[in-house]
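Visitor: I'd like to ask you about the structure that follows.
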Amino acid sequence: MAAQALQQPSFLLANLKENSTTKPFLQRCQELVKVIDDYPAKELHLIFPWLVESVFGSLDGVITGWNLRFLQARSNEYNIVMEFLDPSGPMMKLVYKLQAEEYKYEIPVSFLPGPVKASIQEGVLPDCPLFHNKLQFPPSGLQTLSLALNPFEYYMFMFASSLITPKNYPPGQHVSSSDTAYFVLVDTYLKYFLPTEGSVPPSPFPDNRGSVSPPAPRAPSVPFAGYGIHSTSLLKRHITHQPSVTADPAAQEIWRSEALLQVFVEIWLHHYSLEMYQKLQSPQVKLALLQYRLSLSSMPCQPLTPPGSGTLNTYQEPFTPTEEHVLVVRLLVKHLHAFSCSLKPEQVSSSPSAHSHTSPLEEFKRVVVQRFVQQKLYVFLQHCFGHWPLDASFRAVLETWLSYIQPWRYTGEKTTSPTDPIQGVPDKWASFVQENLLMYTKLFQGFLNRVVRTDLVNVQNALMVFRVAKVFAQPNLSEMIQKGEQLFLEPEHVLHHRQHRVFLTPGHGGSFLSARQPMATDGVFRVKSHVYGLEGQDCQYKQMFGTELRGAILRLIQIIAQARQTAKRISDHSAEVAANNSFMSWFGLGFPDLNHTLNEREMDDTGECVKKTHEFLERSLDYLCQIFRLNTGQLSQLMATLGSGQDDGNSRQLPDCIQGDNGLILTDLGRMQIINGLRRFEIEYQGDPELQPIRSYENAVLVRLLFKISSVINERFGGQMEALCSRPDFLGRLGRHYLASPEAAADGKQRRPETRRTAERNRRPRLSLRPLASYRVLLMLLLLYIFGALFSFGPISSTLLILTGGFLYGLFITLFGDKLRLKSH
């Protein structure tokens with residue numbers, strides 16, 4: 001809604017609303033372009049909130065807008081939308097037109113991210129400049145507060161909120177996130193307002209009074225306490241301290257860039273538990289951190305407790321980001337790294353005099369990652385690591401994390417060569433690693449806790465382990481992390497002699513790109529400031545290269561080795577099944593398994609995935625040994641321990657179970673064995689083989705007919721068959737070959753207790769004619785009759801020859817079957 005009350009109805013707004021329901025999309029956009037060009041800002045001000053809401057949807061999700069998150073390039077409306085919402089397009093022209101007149105638009109506080117909303121309603125103002133001097137206080141109290149944003153901020157707020165606002169979209173709309181209009185627009189806005197080359201194009205509507213006026217002082221009666229000790233606005237000295245009539249165009253350029261980034265970060269990364277929010281924002285932590293940085297022994301006064309802090313502890317926000325949300329965050333991280341790395345070489349200096357001559361854009365590049373993104377992204381990723389489902393969709397979170405901790409990938413320089421595919425991390429990034437130590441160590445431990453609970457035989461999970469191991473195995477990276485941990489663990493009493501140094505952290509004008517940071521900054525202060533700022537001064541830091549985590553790594557290596565063995569068994573089994581289903585099996589030379597009916601394509605896909613899994617796990621083992629410096633002897637000992645407890649006999653055992661009233665019940669150990677592929681239940685048909693479902697390779701009519709015939713024969717001659725099979729001589733063995741059920745004959749095969757009871761019912765000898773209903777057997781018999789006809793044998797003669805051949809085959813198996821079976825084992 002507009003901040004200024006509407007004195008009279010807008011006929012222009014009424015006409016546009018009517019046209020939105022009657023005219024085609026292209027015609028509506030053309031009329032909007034004409035209206036934006038022809039009408040003055042006073043009229044356009046009245047339609048702006050409605051227009052933004054009709055494009056991006058309402059904050060409560062009732063209005064879906066133009067469905068930018070589901071609009072793809074193949075749609076007819078895609079190019080129209082992209083042209084209309086382009087940074088140089090009609091919509092942004094409208095924003096600049098209204099920006100020149102300093103109109104304000106309200107956003108209810110209830111639609112802000114949960115922690116921000118709760119703190120404002122309790123009377124504590126967040127530390128982000130986006131919320132400063134913009135609160136509107138209605139007579140009804142704090143529960144109906146709103147923010148008064150300028151047109152640019154309002155437009156970007158609605159655009160960013162449309163990503164996380166639940167909307168009632170039509171069912172069945174599932175598309176690739178990276179191809180949608182929304183994803184492309186995010187990329188376009190980032191490249192336009194945070195350019196890696198050149199500067200942000202100026203507004204086409206310059207404001208004679210200055211497009212950014214100084215913030216008005218807050219009245220003493222306003223019951224709000226700010227979190228921060230100092231303003232975090234990067235260009236405060238460029239903007240808010242200058243008269244509006246002499247506003248610096250470069251500062252105005254950076255103001256738009258900073259406002260866009262603040263909105264994106266606050267909306268997309270500000271969703272987590274309020275306990276973490278208070279730890280990051282409380283004045284106690286900020287003052288203690290400032291005191292530590294300056295190495296002061298005492299302070300003249302104690303910080304005050306923020307109002308409402310006792311009631312905020314009861315708040316928890318039930319928020320789980322979607323995969324699309326995480327992918328957009330990754331796009332933001334990648335672009336900010338590229339933006340920061342585009343800092344001009346002559347500006348990469350730690351000298352304060354050099355900083356005073358840099359442009360606002362270059363100064364923005366210098367500190368953008370550490371100041372605006374690091375804190376909230378760390379908590380966002382930590383939340384995802386702890387709450388994301390244990391499935392392959394975690395890959396989006398993983399790649400976002402890996403993108404942030406590898407800024408050297410976005411420098412635009414060629415980092416690999418054909419002769420040296422893996423080069424080390426340049427030394428100039430050591431300060432970045434130290435200033436982001438928890439991003440490497442704490443989140444690696446979070447990933448470790450996840451991976452030991454996943455099925456590593458799954459190729460997607462194996463790929464994620466491989467990706468993390470490969471990244472951390474880059475030369476120099478593990479040494480940089482270890483150096484950062486050593487700096488953090490350095491005793492505090494040795495720091496007092498360094499008080500005379502000037503510390504230039506990224507929050508105070510420092511640069512992680514500086515090649516001379518050891519001379520200008522203190523590494524110990526930098527690392528401790530980072531850790532205490534994110535985890536609090538009472539945190540218990542667990543070393544990545546410490547004894548405790550080393551034990552967890554050895555356990556992970558064992559799990560990887562077990563999964564690799566399981567993958568090998570699956571691969572061998574797939575090869576056997578493929579061999580049994582080869583062309584020769586059509587002639588009866590194979591051994592068909594009725595319980596494994598995968599088609600050829602499925603077997604090929606399974607074999608390919610298992611092959612990739614084995615490769616990923618093999619290389620992951622190598623990388624982990626490089627990272628944690630495990631020698632060949634230690635690895636061989638682990639493999640030997642694993643081999644002694646996991647032989648072929650053991651691998652075929654059932655998972656650990658206990659016998660219950662209704663059958664077997666899995667224990668916790670059994671669940672872990674199944675998850676990691678160590679043991680499994682044999683899934684097979686356990687009923688009467690004559691009554692199993694009709695297979696795709698059988699003729700249904702013949703199956704039913706032959707079952708009736710064999711049932712009549714078994715019922716009439718069952719006694720004689722049982723007497724024949726019970727004889728201990730050669731005739732008894734021959735009878736058991738033709739008449740005994742397969743379940744009764746398989747004495748050595750381990751079965752579940754239920755299977756034994758089923759086999760007891762099917763132990764009686766009987767004749768089975770069902771194999772004759774198989775299309776394979778029918779085709780083979782047809783070929784034999786045709787072959788007999790070529791040699792002038794009639795049907796009766798051919799039948800006698802076939803029966804004779806079958807009898808001789810039975811004699812051969814009866815005489816030599818045991819010896820052949822022993823040789824095969």
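By convention in this document, the chains of the structure tokens carry letters A, B, ... by their order, each chain's residues are numbered from 1, and ligands are numbered from 1 in the order they are shown.
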Could you name the residues that touch Tyr775 of chain A at 9 Å or less, counting only C-alpha atoms, but leaving out those on the same chain fewer than 3 positions away, as a ChimeraX atom specification?
Guide: /A:697-699,772,778-780
Visitor: Find the spatial neighbours of segment 433-446 of chain A, counting only C-alpha atoms, within a cut-off of 9 Å - ignore same-chain residues fewer than 6 positions away - and output them as a PyMOL selection string.
Guide: chain A and resi 370+374+378+381-382+385-386+401+404-405+468+472+477+480-481+483-485+487+505-506+512+523-524+526-531+534+541-545+549
Visitor: Write out as a VMD selection string the residues lying within 6 Å of segment 68-81 of chain A, counting only C-alpha atoms and excluding same-chain residues fewer than 2 positions away.
Guide: chain A and resid 66 83 to 84 179 to 182
Visitor: How many Å lie between atom CA of Ala118 of chain A and atom CA of Leu130 of chain A, rounded to one decimal?
Guide: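 Computing it gives 16.3 Å between the two atoms.
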Visitor: Which residue gives the smallest distance to Leu448 of chain A among A:His335, A:Arg550, A:His132, A:Arg371, with only C-alpha atoms counted?
Guide: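 Smallest distance to Leu448 of chain A is found for A:Arg550.
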Visitor: Compile the contact shell of segment 89-96 of chain A as a list in words: residues with an atom at most 6 Å away, counting only C-alpha atoms, same-chain residues fewer than 4 positions apart removed.
Guide: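 With the cut-off at 6 Å, the set is Val33, Phe84, Leu85, Pro151 and Phe152 of chain A.
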Visitor: Kindly indicate which residue among A:Val379, A:Leu724, A:Val367, A:Val124 lies nearest to Phe432 of chain A, using only C-alpha atoms for the distances.
Guide: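 Of A:Val379, A:Leu724, A:Val367, A:Val124, the one nearest Phe432 of chain A is A:Val367, counting only C-alpha atoms.
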Visitor: Could you list, as a list in words, every residue within 7 Å of Leu769 of chain A, counting only C-alpha atoms and ignoring same-chain residues fewer than 3 positions away?
Guide: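 Neighbouring residues, sequence-local ones excluded: Leu706, Phe707, Ser710 and Leu772 of chain A.
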